[in-house]
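Structure first, then comments.
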Amino acid sequence: MTDGTTHYTRPDVAGFLAFLNAQDGPKMEELPPEAARAMMRAMGELADVPRGDIAKVEDRTIPGPAGDIPIRIYDSHPGRQAGPVMVFYHGGGWVIGDLETHDPYCAEAARQLDMPVVAVDYRLAPEHPFPAAPEDCEAATRWIADNIPCTGLVLSGDSAGGNLTIATALTLRDKPASKPVIAIHPIYPAVTTHHDWQSYRDFKDGHLLTEGGMKWFGDQYAAAPDDYRAAPIDFPAEGLPPTLLVTAGLDPLRDQGRAYAAKLIEAGVPTTYREAKGNIHGYICLAKAIPSAAEDIRGNLAVLKAIVAEATA
């Protein structure tokens, strides 16, 4: 059931959704996880822009709580003096997504922010259900603080990665790493395990992220709803670093993102909220299929760059 409102959809978004919804074949939630992961990688090759030129891209593995964690380091100016470093946690419902699916976005973030970006390839469900993902993200972030020359950490991620951004920030608020978290940038994050939101009812079908897909992700991940890493909206936010939280106007997760931004403001956290009107969940990886998404990305990163500059002044 919807609220009866007519929601603005950008022309390029409407065209992409018409193409997407006309495709035959099984839905992602009808596939085994490996096939769903391949589907997301294939969509990235079709719908996202190429990585583009960047001076340094380095793949490494670092120690984690249950084995090595792959990371990828991007830097447009390697050899720079130590400064802020972004740690990025990819989206994909904690089940799909990897270093490749978000490779173009991470390179763009490194270029626009003019800082190193380190992408973390945490363990995925259902092979590794909750709390494997947040445990890997915490461990990787602490390792980066100790081993990558930096003065502070900027945490970011989209969707499930937005959840992991907030979860890691909360963990490091209470048990700090060797370098401070100076800003966070959750992108259309999941902040609760329940779906009682108007945006969920309005956009649960036909807008890329579907009700069936969300249920499938949740079942695979098997998060504990009483854990702050699964449902940060139910736990205190005081003391979090300056935050840029963004949502998409046609996203089932939109309203919980709005609610979390309000919670941050009420907790006294310096907070900037941006919403990509007329755009859909996943847009940071759809800049070829939805050309206007490139402007959303540029706008978000410009604001984040200003927040980081203020935090380090």
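Each chain in the structure tokens gets a letter, A, B and so on, in the order shown; residues start at 1 in every chain, and ligands are counted from 1 in the order they appear.
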
Counting only C-alpha atoms, what is within 9 Å of Leu264 of chain A, bar same-chain residues fewer than 5 positions away, as a short mmCIF file (atom, residue, chain, number, x, y, z; two decimals) with C-alpha atoms, in the first residue's frame?
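Printed below is around_31.cif as written:
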```
data_model
loop_
_atom_site.label_atom_id
_atom_site.label_comp_id
_atom_site.auth_asym_id
_atom_site.auth_seq_id
_atom_site.Cartn_x
_atom_site.Cartn_y
_atom_site.Cartn_z
CA PRO A 236 22.65 6.16 21.32
CA ALA A 237 24.38 8.22 18.63
CA GLU A 238 26.02 10.81 20.87
CA LEU A 240 29.74 10.16 16.58
CA THR A 243 28.37 12.90 9.32
CA ALA A 259 15.13 9.00 10.60
CA VAL A 269 26.27 15.22 15.97
CA PRO A 270 27.27 17.71 13.24
CA THR A 271 25.14 16.32 10.43
#
```

How close does segment 238-310 of chain A get to segment 110-123 of chain A? List, as CSV, each residue of segment 238-310 of chain A within 10 Å, its nearest atom pair and the distance in Å to one decimal, counting only C-alpha atoms.
```
residue,atom,partner,partner_atom,distance
A:Ile297,CA,A:Gln112,CA,9.7
A:Arg298,CA,A:Gln112,CA,7.6
A:Leu301,CA,A:Leu113,CA,6.6
A:Ala302,CA,A:Gln112,CA,7.5
A:Val303,CA,A:Leu113,CA,9.8
A:Leu304,CA,A:Leu113,CA,7.9
A:Lys305,CA,A:Leu113,CA,5.7
A:Ala306,CA,A:Leu113,CA,9.3
A:Val308,CA,A:Leu113,CA,9.2
```

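Relative to atom CA of Pro291 of chain A, atom CA of Trp197 of chain A is found at 28.6 Å.
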
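Among A:Pro149, A:Gly206, A:Gly282, A:Pro232, the residue with the shortest atom-to-atom distance to Arg80 of chain A, counting only C-alpha atoms, is A:Pro149.
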
Between atom CA of Asn21 of chain A and atom CA of Tyr105 of chain A, measure the distance and give it in Å to one decimal.
-> 24.4 Å

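Take atom CA of Ile96 of chain A and atom CA of Ala125 of chain A: the distance between them is 8.2 Å.
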